[in-house]
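Below is final14.txt, which holds compact mmCIF, C-alpha atoms.
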```txt
# COMPACT_ATOMS: atom_id res chain seq x y z
CA MET A 663 22.14 -20.56 10.29
CA LYS A 664 20.75 -21.93 13.54
CA PHE A 665 17.57 -23.84 14.35
CA TYR A 666 16.10 -23.56 17.88
CA ASP A 667 14.29 -26.81 18.54
CA CYS A 668 12.91 -28.93 21.37
CA SER A 669 13.14 -32.57 20.41
CA THR A 670 10.09 -33.63 22.47
CA ALA A 671 7.73 -30.84 21.30
CA PRO A 672 5.15 -31.18 18.51
CA SER A 673 5.42 -27.68 17.04
CA PRO A 674 9.11 -27.90 16.02
CA ARG A 675 8.51 -31.51 14.96
CA ARG A 676 6.65 -30.07 11.96
CA GLU A 677 9.93 -28.42 10.98
CA ARG A 678 12.05 -31.47 11.64
CA ILE A 679 9.86 -33.61 9.37
CA PHE A 680 9.83 -30.89 6.69
CA LEU A 681 13.64 -30.65 6.76
CA ALA A 682 14.05 -34.45 6.74
CA GLU A 683 11.80 -34.75 3.67
CA LYS A 684 14.01 -32.20 1.89
CA GLY A 685 17.24 -33.77 3.15
CA ILE A 686 18.39 -30.51 4.77
CA ASN A 687 20.61 -30.43 7.87
CA VAL A 688 20.65 -27.29 10.00
CA PRO A 689 22.80 -26.75 13.13
CA THR A 690 20.36 -27.16 16.00
CA VAL A 691 20.11 -25.76 19.52
CA GLN A 692 17.86 -27.61 21.97
CA VAL A 693 15.63 -25.43 24.17
CA ASP A 694 14.50 -27.18 27.35
CA LEU A 695 10.77 -26.38 27.41
CA ARG A 696 10.14 -28.75 30.31
CA ASN A 697 12.34 -26.61 32.54
CA ASN A 698 10.88 -23.37 31.10
CA GLU A 699 14.06 -22.34 29.31
CA HIS A 700 11.82 -20.61 26.73
CA LEU A 701 10.57 -18.26 29.45
CA THR A 702 14.05 -17.10 30.54
CA PRO A 703 15.26 -13.58 29.68
CA ALA A 704 18.05 -15.15 27.59
CA PHE A 705 15.60 -16.99 25.30
CA ARG A 706 13.12 -14.11 25.21
CA ALA A 707 15.94 -11.97 23.84
CA ILE A 708 16.08 -14.46 20.94
CA ASN A 709 12.29 -14.75 20.55
CA PRO A 710 10.05 -12.33 22.48
CA ASP A 711 7.18 -14.72 21.71
CA ALA A 712 8.89 -17.31 23.95
CA THR A 713 8.16 -20.19 21.56
CA VAL A 714 10.06 -22.70 19.44
CA PRO A 715 10.78 -23.30 16.60
CA VAL A 716 12.96 -20.33 15.66
CA LEU A 717 15.21 -20.15 12.60
CA GLU A 718 18.09 -17.70 12.78
CA LEU A 719 19.58 -16.75 9.42
CA ASP A 720 23.23 -15.84 8.93
CA ASN A 721 22.33 -12.13 8.63
CA GLY A 722 20.67 -12.27 12.07
CA THR A 723 17.03 -12.31 10.88
CA ARG A 724 14.93 -14.65 12.98
CA ILE A 725 11.82 -16.44 11.70
CA THR A 726 9.73 -17.29 14.76
CA ASP A 727 6.85 -19.19 13.22
CA ALA A 728 6.62 -22.88 12.25
CA ILE A 729 5.04 -22.27 8.84
CA GLY A 730 7.19 -19.18 8.18
CA ILE A 731 10.26 -21.42 8.53
CA CYS A 732 8.79 -23.94 6.06
CA VAL A 733 8.15 -21.07 3.64
CA TYR A 734 11.84 -20.15 3.91
CA PHE A 735 13.11 -23.65 3.15
CA GLU A 736 10.59 -24.26 0.36
CA ALA A 737 11.82 -21.12 -1.41
CA ALA A 738 15.51 -21.81 -0.73
CA HIS A 739 15.33 -25.57 -1.52
CA PRO A 740 12.33 -26.12 -3.80
CA GLN A 741 12.87 -29.89 -4.28
CA PRO A 742 10.95 -31.95 -3.42
CA PRO A 743 8.05 -29.48 -3.31
CA LEU A 744 6.07 -29.83 -0.07
CA ARG A 745 3.90 -26.73 -0.55
CA GLY A 746 2.80 -27.53 -4.09
CA GLU A 747 3.54 -26.57 -7.67
CA GLY A 748 1.22 -24.34 -9.70
CA ALA A 749 -1.53 -22.06 -8.42
CA GLU A 750 -4.26 -24.64 -7.82
CA ASP A 751 -2.00 -27.22 -6.16
CA LYS A 752 -0.41 -24.62 -3.87
CA ALA A 753 -3.82 -23.25 -2.88
CA VAL A 754 -5.34 -26.67 -2.14
CA ILE A 755 -2.31 -27.65 -0.02
CA ALA A 756 -2.35 -24.35 1.90
CA ALA A 757 -6.07 -24.75 2.62
CA TRP A 758 -5.66 -28.32 3.93
CA GLN A 759 -2.60 -27.41 5.96
CA ARG A 760 -4.57 -24.64 7.64
CA SER A 761 -7.61 -26.82 8.16
CA ALA A 762 -5.50 -29.50 9.91
CA GLU A 763 -3.78 -26.88 12.03
CA ARG A 764 -7.04 -25.19 13.09
CA ASN A 765 -9.15 -28.29 13.65
CA GLY A 766 -6.39 -30.68 14.72
CA PHE A 767 -3.28 -29.04 16.13
CA TYR A 768 -5.02 -26.12 17.86
CA ALA A 769 -7.76 -28.40 19.24
CA VAL A 770 -5.16 -30.63 20.92
CA MET A 771 -3.37 -27.55 22.25
CA GLU A 772 -6.64 -26.28 23.74
CA ALA A 773 -7.42 -29.64 25.32
CA LEU A 774 -3.91 -30.04 26.75
CA ARG A 775 -3.12 -26.53 27.94
CA ASN A 776 -6.47 -26.01 29.63
CA SER A 777 -6.34 -29.21 31.67
CA THR A 778 -2.73 -30.18 32.50
CA PRO A 779 -1.85 -29.27 36.13
CA GLY A 780 1.73 -28.38 35.13
CA LEU A 781 0.41 -25.79 32.65
CA LYS A 782 -1.73 -23.86 35.16
CA GLY A 783 -1.63 -20.18 34.15
CA ARG A 784 -0.13 -21.12 30.78
CA ALA A 785 -3.30 -21.80 28.78
CA LEU A 786 -1.75 -20.26 25.68
CA PRO A 787 1.81 -20.45 24.38
CA GLY A 788 3.54 -17.09 24.12
CA PRO A 789 4.79 -14.37 26.44
CA ASP A 790 1.54 -13.83 28.39
CA ASP A 791 0.03 -15.89 31.18
CA TYR A 792 -3.63 -16.86 30.81
CA GLU A 793 -5.63 -18.97 33.25
CA GLN A 794 -6.91 -22.36 32.20
CA ILE A 795 -10.57 -22.55 31.10
CA PRO A 796 -11.88 -26.08 31.84
CA ALA A 797 -14.77 -25.70 29.36
CA LEU A 798 -12.22 -25.02 26.63
CA ALA A 799 -10.35 -28.24 27.44
CA GLU A 800 -13.61 -30.12 27.07
CA ARG A 801 -14.42 -28.37 23.79
CA GLY A 802 -10.92 -29.20 22.53
CA ARG A 803 -11.53 -32.90 23.17
CA ALA A 804 -14.84 -32.77 21.28
CA ARG A 805 -13.11 -31.02 18.38
CA ILE A 806 -10.37 -33.67 18.20
CA GLY A 807 -13.09 -36.30 17.70
CA ARG A 808 -14.53 -34.25 14.86
CA PHE A 809 -11.06 -33.79 13.36
CA PHE A 810 -10.61 -37.57 13.21
CA GLU A 811 -13.98 -37.88 11.43
CA GLN A 812 -13.15 -35.09 8.99
CA MET A 813 -9.78 -36.60 8.07
CA GLU A 814 -11.33 -40.07 7.77
CA ALA A 815 -13.79 -38.70 5.21
CA ARG A 816 -11.03 -36.90 3.34
CA LEU A 817 -8.66 -39.86 3.27
CA ALA A 818 -11.43 -42.12 2.00
CA GLN A 819 -11.26 -40.03 -1.19
CA SER A 820 -7.62 -39.04 -1.39
CA GLU A 821 -4.31 -40.87 -1.03
CA PHE A 822 -2.69 -38.01 0.87
CA VAL A 823 -4.34 -35.14 2.75
CA ALA A 824 -4.11 -32.60 -0.06
CA GLY A 825 -4.20 -34.95 -3.06
CA ALA A 826 -2.01 -37.49 -4.83
CA ARG A 827 1.29 -36.32 -3.32
CA TYR A 828 2.76 -36.07 0.18
CA SER A 829 2.80 -32.42 1.32
CA ILE A 830 3.03 -30.09 4.29
CA ALA A 831 -0.67 -30.82 4.90
CA ASP A 832 0.31 -34.43 5.72
CA ILE A 833 2.99 -33.17 8.10
CA THR A 834 0.55 -31.00 10.08
CA THR A 835 -2.02 -33.79 10.15
CA LEU A 836 0.51 -36.43 11.29
CA VAL A 837 1.90 -34.20 14.05
CA SER A 838 -1.66 -33.35 15.20
CA VAL A 839 -2.77 -37.00 15.32
CA ASP A 840 0.34 -37.98 17.30
CA PHE A 841 -0.02 -34.90 19.56
CA ALA A 842 -3.58 -36.05 20.45
CA ARG A 843 -2.02 -38.95 22.38
CA TRP A 844 -0.83 -36.33 24.91
CA VAL A 845 -4.50 -35.97 25.91
CA LYS A 846 -5.04 -39.75 25.58
CA LEU A 847 -7.08 -39.59 22.38
CA SER A 848 -6.26 -41.79 19.43
CA VAL A 849 -7.76 -42.54 16.03
CA PRO A 850 -10.88 -44.72 16.48
CA GLU A 851 -10.80 -48.27 15.06
CA GLU A 852 -13.54 -47.46 12.55
CA CYS A 853 -11.45 -44.70 10.90
CA THR A 854 -9.83 -47.23 8.58
CA ASN A 855 -8.73 -44.73 5.94
CA LEU A 856 -7.12 -42.40 8.47
CA ARG A 857 -5.39 -45.45 10.00
CA ARG A 858 -4.13 -46.62 6.59
CA TRP A 859 -2.74 -43.15 5.87
CA HIS A 860 -1.25 -42.81 9.38
CA ALA A 861 0.63 -46.12 9.03
CA GLU A 862 1.98 -45.02 5.63
CA VAL A 863 3.23 -41.57 6.58
CA SER A 864 4.60 -42.89 9.90
CA ALA A 865 6.71 -45.41 7.96
CA ARG A 866 8.53 -42.64 6.09
CA PRO A 867 12.00 -42.02 7.58
CA SER A 868 11.06 -38.35 8.15
CA ALA A 869 8.41 -39.36 10.74
CA LYS A 870 11.17 -40.26 13.20
CA ALA A 871 12.34 -36.65 13.18
CA MET B 425 -14.41 -18.67 -11.78
CA LYS B 426 -16.71 -17.63 -8.94
CA PHE B 427 -16.03 -15.93 -5.60
CA TYR B 428 -18.45 -16.55 -2.72
CA ASP B 429 -18.36 -13.44 -0.56
CA CYS B 430 -20.33 -11.62 2.12
CA SER B 431 -19.76 -7.89 1.76
CA THR B 432 -20.21 -7.14 5.48
CA ALA B 433 -17.96 -9.94 6.83
CA PRO B 434 -14.30 -9.51 7.85
CA SER B 435 -12.97 -12.88 6.67
CA PRO B 436 -13.78 -12.40 2.95
CA ARG B 437 -12.74 -8.75 3.28
CA ARG B 438 -9.14 -10.05 3.42
CA GLU B 439 -9.72 -11.47 -0.05
CA ARG B 440 -11.43 -8.38 -1.40
CA ILE B 441 -8.50 -6.17 -0.33
CA PHE B 442 -5.99 -8.68 -1.74
CA LEU B 443 -7.82 -8.75 -5.10
CA ALA B 444 -8.16 -4.93 -5.18
CA GLU B 445 -4.41 -4.51 -4.58
CA LYS B 446 -3.75 -6.82 -7.54
CA GLY B 447 -6.43 -5.20 -9.71
CA ILE B 448 -8.25 -8.50 -10.24
CA ASN B 449 -12.01 -8.73 -10.77
CA VAL B 450 -13.77 -12.00 -10.08
CA PRO B 451 -17.51 -12.69 -10.58
CA THR B 452 -18.93 -12.61 -7.08
CA VAL B 453 -21.88 -14.29 -5.35
CA GLN B 454 -23.08 -12.74 -2.08
CA VAL B 455 -23.89 -15.18 0.73
CA ASP B 456 -26.28 -13.75 3.33
CA LEU B 457 -24.57 -14.72 6.60
CA ARG B 458 -26.96 -12.59 8.67
CA ASN B 459 -29.85 -14.81 7.57
CA ASN B 460 -27.74 -17.98 7.96
CA GLU B 461 -27.58 -18.73 4.25
CA HIS B 462 -24.18 -20.37 4.92
CA LEU B 463 -25.90 -22.98 7.10
CA THR B 464 -28.42 -24.05 4.43
CA PRO B 465 -28.06 -27.43 2.68
CA ALA B 466 -27.58 -25.57 -0.62
CA PHE B 467 -24.51 -23.69 0.63
CA ARG B 468 -23.13 -26.66 2.57
CA ALA B 469 -23.14 -28.56 -0.72
CA ILE B 470 -20.75 -25.85 -1.99
CA ASN B 471 -18.65 -25.69 1.19
CA PRO B 472 -19.22 -28.37 3.89
CA ASP B 473 -17.32 -26.06 6.27
CA ALA B 474 -20.22 -23.56 5.98
CA THR B 475 -17.90 -20.54 5.75
CA VAL B 476 -17.01 -17.80 3.28
CA PRO B 477 -14.86 -16.95 1.39
CA VAL B 478 -14.89 -19.74 -1.20
CA LEU B 479 -13.22 -19.58 -4.60
CA GLU B 480 -14.62 -21.89 -7.26
CA LEU B 481 -12.28 -22.51 -10.20
CA ASP B 482 -13.49 -23.23 -13.72
CA ASN B 483 -12.64 -26.92 -13.34
CA GLY B 484 -14.92 -27.12 -10.30
CA THR B 485 -12.18 -27.18 -7.61
CA ARG B 486 -13.17 -25.09 -4.60
CA ILE B 487 -10.69 -23.36 -2.30
CA THR B 488 -12.47 -22.84 1.01
CA ASP B 489 -9.85 -20.96 3.01
CA ALA B 490 -9.06 -17.22 3.03
CA ILE B 491 -5.28 -17.65 2.83
CA GLY B 492 -5.55 -20.56 0.40
CA ILE B 493 -7.38 -18.22 -1.99
CA CYS B 494 -4.63 -15.59 -1.64
CA VAL B 495 -2.06 -18.31 -2.40
CA TYR B 496 -3.97 -19.07 -5.61
CA PHE B 497 -4.05 -15.47 -6.82
CA GLU B 498 -0.43 -14.75 -5.82
CA ALA B 499 0.70 -17.71 -7.97
CA ALA B 500 -1.64 -16.90 -10.87
CA HIS B 501 -1.02 -13.10 -10.79
CA PRO B 502 2.35 -12.51 -9.14
CA GLN B 503 2.35 -8.69 -9.56
CA PRO B 504 2.39 -6.79 -7.30
CA PRO B 505 3.76 -9.39 -4.87
CA LEU B 506 1.78 -9.39 -1.61
CA ARG B 507 3.36 -12.55 -0.15
CA GLY B 508 6.96 -11.52 -0.74
CA GLU B 509 9.83 -12.18 -3.11
CA GLY B 510 12.81 -14.34 -2.15
CA ALA B 511 13.06 -16.85 0.69
CA GLU B 512 13.66 -14.44 3.58
CA ASP B 513 11.04 -11.90 2.55
CA LYS B 514 8.39 -14.60 1.98
CA ALA B 515 9.16 -16.19 5.37
CA VAL B 516 9.03 -12.91 7.31
CA ILE B 517 5.73 -11.96 5.67
CA ALA B 518 4.19 -15.39 6.34
CA ALA B 519 5.27 -15.22 9.99
CA TRP B 520 3.75 -11.74 10.51
CA GLN B 521 0.57 -12.66 8.65
CA ARG B 522 0.13 -15.65 10.95
CA SER B 523 0.97 -13.65 14.06
CA ALA B 524 -1.67 -11.01 13.20
CA GLU B 525 -4.22 -13.71 12.45
CA ARG B 526 -3.57 -15.63 15.69
CA ASN B 527 -3.24 -12.68 18.05
CA GLY B 528 -5.58 -10.27 16.28
CA PHE B 529 -8.20 -11.85 14.06
CA TYR B 530 -8.78 -14.98 16.17
CA ALA B 531 -8.82 -12.95 19.41
CA VAL B 532 -11.62 -10.74 18.05
CA MET B 533 -13.49 -13.81 16.83
CA GLU B 534 -13.23 -15.35 20.32
CA ALA B 535 -14.43 -12.16 21.99
CA LEU B 536 -17.34 -11.72 19.57
CA ARG B 537 -18.59 -15.26 19.14
CA ASN B 538 -18.51 -16.07 22.85
CA SER B 539 -20.53 -13.02 23.92
CA THR B 540 -22.98 -11.96 21.18
CA PRO B 541 -26.56 -13.11 21.99
CA GLY B 542 -27.27 -13.74 18.29
CA LEU B 543 -24.36 -16.20 18.14
CA LYS B 544 -25.49 -18.41 21.03
CA GLY B 545 -24.49 -22.00 20.21
CA ARG B 546 -22.23 -20.72 17.39
CA ALA B 547 -19.02 -20.04 19.33
CA LEU B 548 -16.93 -21.27 16.41
CA PRO B 549 -17.46 -20.82 12.69
CA GLY B 550 -17.86 -24.06 10.76
CA PRO B 551 -20.35 -26.88 10.52
CA ASP B 552 -20.56 -27.72 14.25
CA ASP B 553 -22.43 -25.95 17.04
CA TYR B 554 -20.44 -25.13 20.17
CA GLU B 555 -21.78 -23.31 23.24
CA GLN B 556 -20.41 -19.91 24.14
CA ILE B 557 -17.74 -19.81 26.88
CA PRO B 558 -17.96 -16.42 28.65
CA ALA B 559 -14.41 -16.73 30.05
CA LEU B 560 -13.16 -17.09 26.48
CA ALA B 561 -14.89 -13.84 25.44
CA GLU B 562 -13.12 -12.11 28.32
CA ARG B 563 -9.76 -13.63 27.38
CA GLY B 564 -10.31 -12.55 23.78
CA ARG B 565 -10.76 -8.94 24.88
CA ALA B 566 -7.55 -9.06 26.93
CA ARG B 567 -5.71 -10.52 23.94
CA ILE B 568 -6.94 -7.74 21.63
CA GLY B 569 -5.36 -5.19 24.02
CA ARG B 570 -2.07 -7.09 23.82
CA PHE B 571 -2.35 -7.28 20.03
CA PHE B 572 -2.59 -3.48 19.85
CA GLU B 573 0.53 -3.19 22.04
CA GLN B 574 2.43 -5.74 19.97
CA MET B 575 1.61 -4.01 16.68
CA GLU B 576 2.44 -0.59 18.18
CA ALA B 577 5.92 -1.89 19.09
CA ARG B 578 6.38 -3.41 15.64
CA LEU B 579 5.20 -0.34 13.72
CA ALA B 580 7.50 1.89 15.77
CA GLN B 581 10.34 0.04 13.99
CA SER B 582 8.86 -0.76 10.60
CA GLU B 583 6.93 1.19 7.98
CA PHE B 584 4.64 -1.72 7.21
CA VAL B 585 3.86 -4.80 9.31
CA ALA B 586 6.37 -7.11 7.62
CA GLY B 587 8.96 -4.54 6.50
CA ALA B 588 9.37 -1.77 3.94
CA ARG B 589 6.57 -2.90 1.63
CA TYR B 590 2.81 -3.36 1.91
CA SER B 591 1.95 -7.07 2.12
CA ILE B 592 -0.68 -9.61 3.10
CA ALA B 593 0.47 -9.09 6.71
CA ASP B 594 -0.88 -5.53 6.50
CA ILE B 595 -4.18 -6.82 5.13
CA THR B 596 -4.69 -9.26 8.03
CA THR B 597 -3.69 -6.60 10.56
CA LEU B 598 -6.00 -3.96 9.04
CA VAL B 599 -8.97 -6.31 8.91
CA SER B 600 -8.31 -7.42 12.52
CA VAL B 601 -8.07 -3.83 13.84
CA ASP B 602 -11.32 -2.87 12.09
CA PHE B 603 -13.00 -6.13 13.20
CA ALA B 604 -12.20 -5.22 16.84
CA ARG B 605 -14.77 -2.41 16.57
CA TRP B 606 -17.43 -5.14 16.47
CA VAL B 607 -16.59 -5.76 20.15
CA LYS B 608 -16.22 -2.01 20.78
CA LEU B 609 -12.44 -2.01 21.09
CA SER B 610 -10.31 0.45 19.17
CA VAL B 611 -6.64 1.38 19.00
CA PRO B 612 -5.69 3.37 22.13
CA GLU B 613 -4.63 7.04 21.66
CA GLU B 614 -1.11 6.28 22.88
CA CYS B 615 -0.49 3.76 20.08
CA THR B 616 0.69 6.54 17.77
CA ASN B 617 2.62 4.29 15.39
CA LEU B 618 -0.24 1.86 14.95
CA ARG B 619 -2.54 4.84 14.35
CA ARG B 620 -0.15 6.34 11.77
CA TRP B 621 -0.01 3.01 9.93
CA HIS B 622 -3.79 2.47 10.20
CA ALA B 623 -4.50 5.88 8.64
CA GLU B 624 -2.07 5.11 5.80
CA VAL B 625 -3.32 1.66 4.87
CA SER B 626 -6.96 2.78 5.28
CA ALA B 627 -6.34 5.53 2.73
CA ARG B 628 -5.39 3.00 0.03
CA PRO B 629 -8.30 2.43 -2.41
CA SER B 630 -8.20 -1.29 -1.59
CA ALA B 631 -9.30 -0.62 2.01
CA LYS B 632 -12.81 0.22 0.77
CA ALA B 633 -13.16 -3.32 -0.54
```
Kindly transcribe the structure held in the file into structure tokens.
Amino acid sequence: MKFYDCSTAPSPRRERIFLAEKGINVPTVQVDLRNNEHLTPAFRAINPDATVPVLELDNGTRITDAIGICVYFEAAHPQPPLRGEGAEDKAVIAAWQRSAERNGFYAVMEALRNSTPGLKGRALPGPDDYEQIPALAERGRARIGRFFEQMEARLAQSEFVAGARYSIADITTLVSVDFARWVKLSVPEECTNLRRWHAEVSARPSAKA
Amino acid sequence: MKFYDCSTAPSPRRERIFLAEKGINVPTVQVDLRNNEHLTPAFRAINPDATVPVLELDNGTRITDAIGICVYFEAAHPQPPLRGEGAEDKAVIAAWQRSAERNGFYAVMEALRNSTPGLKGRALPGPDDYEQIPALAERGRARIGRFFEQMEARLAQSEFVAGARYSIADITTLVSVDFARWVKLSVPEECTNLRRWHAEVSARPSAKA
């Protein structure tokens, strides 16, 4: 088994935290995104999508999606459960994970990729080149503000994002909040519940992953 | 239990097909999206996100996300499995489902919502109003073309989207391909494998859902 990672990138960080919470070690290969190693023919032969993370199983199957890889490890190593136990719990966690990804993670990605000079022509991850759209960067920034408000409201009612237990929804939310710093946005002072939660989940050893 | 649906909308169609494949009947409430019923205070009290589908459980919990609802029914009614069995199978299916959603479903949504006169100021679903970005509509159309190519390549190698069995990845792909007609894009003649697959999955009784 082999895990293709990039230690500075937010998307594989979701995996690293997930693995740390489960206490799983996987042999890791670093892919140098900063020097466009993911766009080389050699890496595209591993993942035509030209993204990390990638998990390569011993039989050669490659899982090329951050959540797909979590699905693999949750099934192979159920304890501690990070995707829930029982129909309702699993569904609530999946819904919050997706909400944080859509409104948080993707919003930061939009803001960053559509404004950073070094990402000109790379407005989307993946094999294809798309021009930056400045209006989309602006919309991404507005959406990050709304994401902070939404999570503040949620965490005023709930200890963790998807309920009483730490889950994959907390991982996506943590990575999104930290990723927002890349576009110089951070949780406003008045979001006291989001700040309380952020301090707590950041103090877990897995957050260093 | 109560399922909030809109019989003409693609997002809850994913649910309807999923339920039909499992042979599950759920009492259904139609929400009239065309007349903006989802934006009324009454519906926002049910789902602050102002979207369908929503599944309301008997204990009052509401699942407000299309995949979250599938997660619920897969756990509550495992047969036939639509999200896979065993770690590898589950992971591969999740990765393809997400790929089809990102590159297919979201691309159509971008193309449609950023160009349709009736959706002015509603460039994203959800509670917030965002202006249309014409360049994003154009990018969405380009991405749909790439999605067709990607699925053609995949279905040249595989009977169904995620392998030898029909799964939730086929449902997302089918709904995305049909949704593309809303922006007047359809599978090119030369995509013979995608066309073969589309005819097959469209002939299943669930496709009428």
With chain A as the partner and 10 Å as the cut-off, tabulate the residues of chain B that qualify, each row holding the nearest pair of atoms and their distance in Å to one decimal, using all atoms listed in the file, sorted by chain and rising number, as a tab-separated table.
```
residue	atom	partner	partner_atom	distance
B:Asp473	CA	A:Ser761	CA	9.9
B:Leu481	CA	A:Glu750	CA	8.6
B:Thr485	CA	A:Glu750	CA	8.3
B:Arg486	CA	A:Val754	CA	8.4
B:Ile487	CA	A:Val754	CA	6.3
B:Thr488	CA	A:Ala757	CA	6.9
B:Asp489	CA	A:Ala757	CA	5.4
B:Ala490	CA	A:Ala757	CA	8.1
B:Ile491	CA	A:Ala757	CA	7.1
B:Gly492	CA	A:Ala753	CA	4.6
B:Ile493	CA	A:Ala753	CA	6.2
B:Cys494	CA	A:Ala753	CA	7.8
B:Val495	CA	A:Ala753	CA	5.3
B:Tyr496	CA	A:Ala749	CA	4.8
B:Phe497	CA	A:Ala749	CA	7.2
B:Glu498	CA	A:Ala749	CA	7.8
B:Ala499	CA	A:Ala749	CA	4.9
B:Ala500	CA	A:Ala749	CA	5.7
B:His501	CA	A:Ala749	CA	9.3
B:Glu509	CA	A:Ala737	CA	9.3
B:Gly510	CA	A:Ala737	CA	6.9
B:Ala511	CA	A:Tyr734	CA	4.8
B:Glu512	CA	A:Tyr734	CA	6.0
B:Asp513	CA	A:Tyr734	CA	8.4
B:Lys514	CA	A:Val733	CA	6.7
B:Ala515	CA	A:Gly730	CA	4.6
B:Val516	CA	A:Ile725	CA	6.3
B:Ile517	CA	A:Gly730	CA	7.8
B:Ala518	CA	A:Gly730	CA	5.2
B:Ala519	CA	A:Gly730	CA	4.8
B:Trp520	CA	A:Asp727	CA	8.5
B:Gln521	CA	A:Gly730	CA	9.3
B:Arg522	CA	A:Asp727	CA	7.9
B:Ser523	CA	A:Asp727	CA	8.1
B:Asp552	CA	A:Arg808	CA	8.9
B:Tyr554	CA	A:Arg801	CA	7.7
B:Glu555	CA	A:Arg801	CA	8.9
B:Gln556	CA	A:Ala797	CA	9.6
B:Ile557	CA	A:Ala797	CA	7.0
B:Pro558	CA	A:Ala797	CA	9.8
B:Ala559	CA	A:Ile795	CA	7.1
B:Leu560	CA	A:Ile795	CA	7.6
B:Arg563	CA	A:Tyr792	CA	7.7
B:Ala566	CA	A:Tyr792	CA	9.6
B:Arg567	CA	A:Asp790	CA	9.1
B:Arg570	CA	A:Asp790	CA	8.9
```
Which polymer residues have any atom within 9 Å of an atom of Val839 of chain A, counting only C-alpha atoms, with same-chain residues fewer than 6 positions away left out, as an NGL selection string? :A and (766-767 or 770 or 806 or 810 or 847-849 or 860)
Compile the contact shell of Ala633 of chain B as an MDAnalysis selection string: residues with an atom at most 9 Å away, counting only C-alpha atoms, same-chain residues fewer than 6 positions apart removed. chainID B and resid 431 437:441 443:444
Could you give me, as a list in words, the residues that have an atom at most 10 Å away from the point (-25.3, -14.1, 9.8) in the coordinates of the file, using all atoms listed in the file?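 Using all atoms listed in the file, the matching residues come out as Cys430, Thr432, Ala433, Val455, Asp456, Leu457, Arg458, Asn459, Asn460, Glu461, His462, Leu463, Gly542 and Leu543 of chain B.
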Keeping only C-alpha atoms, write those residues as a PDB file, keeping the file's coordinate frame.
```
ATOM      1  CA  CYS B 430     -20.330 -11.620   2.120  1.00  0.00           C
ATOM      2  CA  THR B 432     -20.210  -7.140   5.480  1.00  0.00           C
ATOM      3  CA  ALA B 433     -17.960  -9.940   6.830  1.00  0.00           C
ATOM      4  CA  VAL B 455     -23.890 -15.180   0.730  1.00  0.00           C
ATOM      5  CA  ASP B 456     -26.280 -13.750   3.330  1.00  0.00           C
ATOM      6  CA  LEU B 457     -24.570 -14.720   6.600  1.00  0.00           C
ATOM      7  CA  ARG B 458     -26.960 -12.590   8.670  1.00  0.00           C
ATOM      8  CA  ASN B 459     -29.850 -14.810   7.570  1.00  0.00           C
ATOM      9  CA  ASN B 460     -27.740 -17.980   7.960  1.00  0.00           C
ATOM     10  CA  GLU B 461     -27.580 -18.730   4.250  1.00  0.00           C
ATOM     11  CA  HIS B 462     -24.180 -20.370   4.920  1.00  0.00           C
ATOM     12  CA  LEU B 463     -25.900 -22.980   7.100  1.00  0.00           C
ATOM     13  CA  GLY B 542     -27.270 -13.740  18.290  1.00  0.00           C
ATOM     14  CA  LEU B 543     -24.360 -16.200  18.140  1.00  0.00           C
TER      15      LEU B 543
END
```
8 Å contact set for Pro672 of chain A, only C-alpha atoms, chain neighbours under 5 positions out, as number ranges by chain: A: 837-838, 841
Using all atoms listed in the file, list the residues that have an atom at most 10 Å from (3.4, -2.4, -0.2), coordinates as in the file, as number ranges by chain. B: 445, 504-506, 508, 583-592, 594, 625
At a cut-off of 9 Å, using only C-alpha atoms, what residues contact Met813 of chain A? Leave out same-chain residues fewer than 6 positions from it and give the result as a PyMOL selection string. chain A and resi 762+823+835+853+855-856
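Between atom CA of Glu763 of chain A and atom CA of Arg858 of chain A there is a distance of 20.5 Å.
One distance worth recording is that between atom CA of Ile470 of chain B and atom CA of Gln819 of chain A, which is 17.1 Å.
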Produce segment 675-690 of chain A of the given structure as output with C-alpha atoms, as an mmCIF file, in the first residue's frame.
```cif
data_model
loop_
_atom_site.group_PDB
_atom_site.id
_atom_site.type_symbol
_atom_site.label_atom_id
_atom_site.label_comp_id
_atom_site.auth_asym_id
_atom_site.auth_seq_id
_atom_site.Cartn_x
_atom_site.Cartn_y
_atom_site.Cartn_z
ATOM 1 C CA ARG A 675 -4.299 16.855 4.991
ATOM 2 C CA ARG A 676 -7.873 15.578 5.360
ATOM 3 C CA GLU A 677 -6.451 12.087 4.873
ATOM 4 C CA ARG A 678 -3.509 12.598 7.185
ATOM 5 C CA ILE A 679 -5.804 13.712 10.028
ATOM 6 C CA PHE A 680 -8.196 10.819 9.336
ATOM 7 C CA LEU A 681 -5.329 8.295 9.457
ATOM 8 C CA ALA A 682 -3.846 9.877 12.601
ATOM 9 C CA GLU A 683 -7.215 9.650 14.396
ATOM 10 C CA LYS A 684 -7.339 5.936 13.539
ATOM 11 C CA GLY A 685 -3.677 5.369 14.400
ATOM 12 C CA ILE A 686 -2.891 3.999 10.922
ATOM 13 C CA ASN A 687 0.528 4.363 9.290
ATOM 14 C CA VAL A 688 0.802 4.068 5.517
ATOM 15 C CA PRO A 689 4.044 4.278 3.485
ATOM 16 C CA THR A 690 3.950 7.737 1.959
#
```
